[in-house]
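> I'd like to ask some things about the structure below.
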Amino acid sequence: MKLHLTGPSDKHLNEIITITGSKSESNRSLLLAALYPAISIENLSNSDDAQVMEQGLKITEGTVDIHHAGTAMRFLTGYFASQEGKEVTLTGSKRMTERPIEILVDALKSLGADISYVKDEGYPPIKIKGQRIVKDKVSLPANVSSQYISSLLLIAPSLANGLELELVGKITSVPYINMTLGLLEEIGVQTSFEGNIIKVSPQTTVTPTKLVVESDWSSASYFYSICALSEPGTEITLSAYKKESLQGDSVLAKIYTSFGVETTFGQNRITLKKTDKKVSTENEFDLANAPDIAQTIAVTCFGLGVGCHLTGLHTLKIKETDRLEALHTELSKLGASISVTDKALTLLPTKAIVADVAIDTYNDHRMAMAFAPLAMCTTLFVNDSEVVSKSYPDFWNDLKQLHFTIIEL
Ligand SMILES: O=C(O)C1=C[C@@H](OP(=O)(O)O)[C@@H](O)[C@H](O)C1
Ligand SMILES: C=C(OP(=O)(O)O)C(=O)O
């Protein structure tokens with residue numbers, strides 16, 4: 001559905017929003033709960049990605065369609081490869097069949113898994129016949145996607161002899177690996193991560209444990225952006241968040257100080273406040289550890305009229321869409337001077353913003369959500385707005401709570 005967005009007439013906001021659970025923590029917790037029934041989960045994400053993960057874990061034979069969910073694709077590959085007696089074909093959206101999985105499949109095969117490609121070598125769909133895995137050492141490239149590593153780590157304690165991973169090359173999206181290890185430790189599994197070696201001990205049972213999913217920090221980024229584009233004095237409170245987060249995107253609190261947004265941590269909540277501090281004009285950020293907030297930051301800078309240079313974006317080309325190309329195209333339509341390489345983006349200070357541009361979203365939830373805050377500066381259209389359900393189904397309703405006027409066309 002196409003939407004027309006107009007920002008609040010009073011740019012001085014004061015609202016409280018509850019955001020759904022992190023899809024990354026949810027999908028890890030769901031897999032761990034499938035392996036260890038003594039685990040229960042609180043504040044599970046209501047996203048499509050968590051729902052397809054939950055459904056996928058219930059299947060024992062036939063085809064599992066995970067739509068656009070990268071984590072579900074990668075995590076279920078490890079899961080089914082190690083589930084003796086289960087035989088499934090994992091498939092997804094057209095884009096999912098273009099997102100590489102060879103590094104994970106090769107690693108699992110070298111551990112003794114039985115996986116074959118249904119169509120193109122190196123890409124889903126894949127056919128998996130679950131095996132009992134007893135080998136316990138594997139080496140794999142770590143510079144393409146951390147999800148391959150998390151997939152192996154999540155099943156590691158359930159394998160007969162645990163697992164030792166050797167990570168080759170520059171490790172990307174490291175906080176997501178630490179999130180996986182953090183959750184394993186929460187359920188009592190012993191892990192270590194030293195240099196490029198990760199070790200996980202085997203564990204047959206766990207004591208009853210409730211995993212409480214923190215709300216999604218990537219989703220919080222859109223409110224950081226709205227706050228940055230609002231009048232000084234604006235306060236937006238988001239729950240349920242904590243200072244010691246497993247999510248690398250919590251680095252937002254630090255990054256957005258450059259844009260005049262201060263974060264206060266309260267009990268289970270954060271309050272974002274727009275101060276009258278001058279917005280930085282030197283905005284250089286390496287986002288190799290927080291790739292999902294790249295779109296938000298680029299659009300915030302555009303809305304604020306300042307330039308930025310974002311690096312560490314080498315994973316963006318294989319996400320829901322080629323996000324570098326998508327940002328280039330859509331920001332250019334709005335009047336930006338922007339250039340991209342295959343791992344960086346440079347935006348020059350904005351001269352003027354073109355009104356009523358229709359933003360294309362490329363089946364990418366983050367394209368819709370990253371551009372929506374621009375309604376604080378201009379009016380715009382967003383095409384295929386339903387894409388947000390991949391991670392944040394309530395997004396448009398929450399914007400209405402912030403007094404955005406949203407017309408469905
Ligand atoms: O493990 C995870 O939950 C994720 C890891 C990241 O992917 P990459 O490791 O492929 O960068 C991130 O972009 C994705 O949204 C979620
Ligand atoms: C890249 C993302 O998701 P995934 O890889 O899990 O599809 C994302 O949510 O930005």
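Quick note on naming: the chains in the structure tokens go A, B, ... in the order shown, residues restart at 1 in each chain, and ligands are numbered from 1 in order of appearance.
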How close does each residue of region 168-253 of chain A get to region 142-149 of chain A, giving the shortest atom pair and distance in Å to one decimal for every residue with an atom at most 12 Å away, counting only C-alpha atoms, sorted by chain and residue number, as a tab-separated table?

```
residue	atom	partner	partner_atom	distance
A:Val168	CA	A:Ala142	CA	5.5
A:Gly169	CA	A:Ala142	CA	5.8
A:Lys170	CA	A:Asn143	CA	5.3
A:Ile171	CA	A:Ala142	CA	4.8
A:Thr172	CA	A:Asn143	CA	5.1
A:Ser173	CA	A:Ser146	CA	5.7
A:Val174	CA	A:Ser146	CA	7.0
A:Pro175	CA	A:Ser146	CA	9.0
A:Tyr176	CA	A:Ser146	CA	6.8
A:Ile177	CA	A:Ser146	CA	6.4
A:Asn178	CA	A:Ser146	CA	10.1
A:Met179	CA	A:Ser146	CA	10.9
A:Thr180	CA	A:Ile149	CA	9.2
A:Leu181	CA	A:Ile149	CA	10.6
A:Asn196	CA	A:Ala142	CA	9.3
A:Ile197	CA	A:Ala142	CA	11.2
A:Ile198	CA	A:Ile149	CA	9.6
A:Lys199	CA	A:Ile149	CA	11.7
```
> Env of Leu90 (chain A): 10 Å cut, atoms = only C-alpha atoms, seq-sep filter 2 positions within chain, self excluded. Answer as a PyMOL selection string.
chain A and resi 56+62-66+72-74+76-77+80+87-88+92+117-118+124-128
> Between CA of Ile406 (chain A) and CA of Ala358 (chain A), what is the distance, to one decimal in Å?
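According to the coordinates, CA of Ile406 (chain A) and CA of Ala358 (chain A) are separated by 13.8 Å.
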> Could you state the separation of CA of Tyr392 (chain A) and CA of His328 (chain A) in Å, given to one decimal place?
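That distance, rounded to one decimal, is 23.8 Å.
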> DSSP on the backbone, then: every residue of region 266-355 of chain A marked strand (DSSP E or B), written as a PyMOL selection string.
chain A and resi 266+269-274+284-286+308-311+338-340+345-347
> Generate the output file for the selected residues, C-alpha atoms, as a PDB file, in the first residue's frame.

```pdb
ATOM      1  CA  GLY A 266      15.496   4.703  33.165  1.00  0.00           C
ATOM      2  CA  ARG A 269      13.127   2.427  29.263  1.00  0.00           C
ATOM      3  CA  ILE A 270      15.141   5.042  27.453  1.00  0.00           C
ATOM      4  CA  THR A 271      14.230   8.667  26.949  1.00  0.00           C
ATOM      5  CA  LEU A 272      15.576  10.447  23.889  1.00  0.00           C
ATOM      6  CA  LYS A 273      15.786  14.192  24.245  1.00  0.00           C
ATOM      7  CA  LYS A 274      16.551  16.712  21.527  1.00  0.00           C
ATOM      8  CA  GLU A 284      32.136   9.716   9.900  1.00  0.00           C
ATOM      9  CA  PHE A 285      30.979   6.348  11.234  1.00  0.00           C
ATOM     10  CA  ASP A 286      32.284   2.814  10.694  1.00  0.00           C
ATOM     11  CA  CYS A 308      28.254  12.066   6.318  1.00  0.00           C
ATOM     12  CA  HIS A 309      30.762   9.413   5.383  1.00  0.00           C
ATOM     13  CA  LEU A 310      29.677   5.897   6.364  1.00  0.00           C
ATOM     14  CA  THR A 311      32.118   2.981   6.077  1.00  0.00           C
ATOM     15  CA  ILE A 338      25.362  11.069  -2.696  1.00  0.00           C
ATOM     16  CA  SER A 339      27.935   8.576  -3.884  1.00  0.00           C
ATOM     17  CA  VAL A 340      28.378   4.930  -2.938  1.00  0.00           C
ATOM     18  CA  LEU A 345      28.543   5.951   1.348  1.00  0.00           C
ATOM     19  CA  THR A 346      29.274   9.658   1.128  1.00  0.00           C
ATOM     20  CA  LEU A 347      26.551  12.269   1.440  1.00  0.00           C
TER      21      LEU A 347
END
```
> Considering only C-alpha atoms, return as a ChimeraX atom specification whatever protein or nucleic-acid residues lie within 7 Å of Ile17 (chain A), sequence-local ones (same chain, fewer than 2 positions apart) excluded.
/A:15,19,237-239,398
> Name the residues of region 119-263 of chain A that come out as helix (DSSP H, G or I) in a backbone DSSP run; write them as a PyMOL selection string.
chain A and resi 146-158+174-186+217-228+248-259
> List the neighbours of Lys277 (chain A) out to 8 Å using only C-alpha atoms; skip same-chain residues closer than 2 positions along the sequence, and give me the result as JSON, numbers by chain.
{"A": [260, 275, 279]}
> Based on the selection just made, write N, CA and C atoms of those residues as a PDB file, in the first residue's frame.

```
ATOM      1  N   GLY A 260      22.519  15.900  18.331  1.00  0.00           N
ATOM      2  CA  GLY A 260      21.802  16.646  19.375  1.00  0.00           C
ATOM      3  C   GLY A 260      20.823  15.831  20.183  1.00  0.00           C
ATOM      4  N   THR A 275      18.322  18.158  22.274  1.00  0.00           N
ATOM      5  CA  THR A 275      18.879  19.320  22.968  1.00  0.00           C
ATOM      6  C   THR A 275      19.105  20.446  21.952  1.00  0.00           C
ATOM      7  N   VAL A 279      24.344  20.630  15.745  1.00  0.00           N
ATOM      8  CA  VAL A 279      24.501  19.339  15.064  1.00  0.00           C
ATOM      9  C   VAL A 279      25.893  19.276  14.428  1.00  0.00           C
TER      10      VAL A 279
END
```
> Within 6 Å of ligand 2, counting only C-alpha atoms and all ligand atoms: which residues, as a PyMOL selection string?
chain A and resi 68-71+292+319-320
> Residues of the last selection are to be written out with C-alpha atoms, as a JSON list (two decimals), in the first residue's frame.

```
[["chain", "number", "residue", "atom", "x", "y", "z"],
["A", 68, "HIS", "CA", 12.47, -12.62, 3.64],
["A", 69, "ALA", "CA", 13.95, -13.68, 7.00],
["A", 70, "GLY", "CA", 17.73, -13.97, 6.74],
["A", 71, "THR", "CA", 18.19, -15.10, 10.34],
["A", 292, "ASP", "CA", 21.21, -2.25, 10.15],
["A", 319, "LYS", "CA", 20.66, -7.83, 2.67],
["A", 320, "GLU", "CA", 16.92, -7.53, 1.85]]
```
> Can you pull out every residue within 7 Å of Ala240 (chain A), counting only C-alpha atoms, but drop anything in the same chain fewer than 3 positions away, and send it as a list of chain:residue names?
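Near Ala240 (chain A), the qualifying residues are A:Thr18, A:Glu214, A:Ser215, A:Asn268, A:Arg269.
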> Write the residues of the selection above to a file with N, CA and C atoms, as a PDB file, in the first residue's frame.

```pdb
ATOM      1  N   THR A  18       5.964   1.785  23.098  1.00  0.00           N
ATOM      2  CA  THR A  18       6.475   0.454  23.461  1.00  0.00           C
ATOM      3  C   THR A  18       6.810  -0.275  22.163  1.00  0.00           C
ATOM      4  N   GLU A 214      14.944  -8.170  25.043  1.00  0.00           N
ATOM      5  CA  GLU A 214      14.905  -6.700  25.103  1.00  0.00           C
ATOM      6  C   GLU A 214      14.216  -6.185  23.828  1.00  0.00           C
ATOM      7  N   SER A 215      13.616  -5.020  23.896  1.00  0.00           N
ATOM      8  CA  SER A 215      13.004  -4.485  22.677  1.00  0.00           C
ATOM      9  C   SER A 215      14.083  -4.183  21.635  1.00  0.00           C
ATOM     10  N   ASN A 268      13.929   0.062  32.673  1.00  0.00           N
ATOM     11  CA  ASN A 268      13.357  -0.618  31.500  1.00  0.00           C
ATOM     12  C   ASN A 268      12.998   0.310  30.347  1.00  0.00           C
ATOM     13  N   ARG A 269      13.510   1.508  30.337  1.00  0.00           N
ATOM     14  CA  ARG A 269      13.127   2.427  29.263  1.00  0.00           C
ATOM     15  C   ARG A 269      14.264   3.401  28.963  1.00  0.00           C
TER      16      ARG A 269
END
```
> Find, counting only C-alpha atoms and all ligand atoms, the residue in A:Leu334, A:Leu159, A:Val299, A:Leu152 that gets nearest to ligand 1.
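Ranking A:Leu334, A:Leu159, A:Val299, A:Leu152 by distance to ligand 1, first place goes to A:Leu152.
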> Rounded to one decimal, what separation in Å do you get between CA of Met376 (chain A) and CA of Ser337 (chain A)?
20.1 Å
> Quick one: of A:Ala344, A:Val105, A:Ala375, A:Met96, who's nearest to Asn363 (chain A), counting only C-alpha atoms?
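For Asn363 (chain A), the nearest of the candidates is A:Met96.
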> Measuring atom to atom with only C-alpha atoms and all ligand atoms, identify which of A:Val206, A:Leu211, A:Ala156, A:Leu104 is nearest to ligand 1.
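Among the listed residues, the smallest separation from ligand 1 belongs to A:Leu104.
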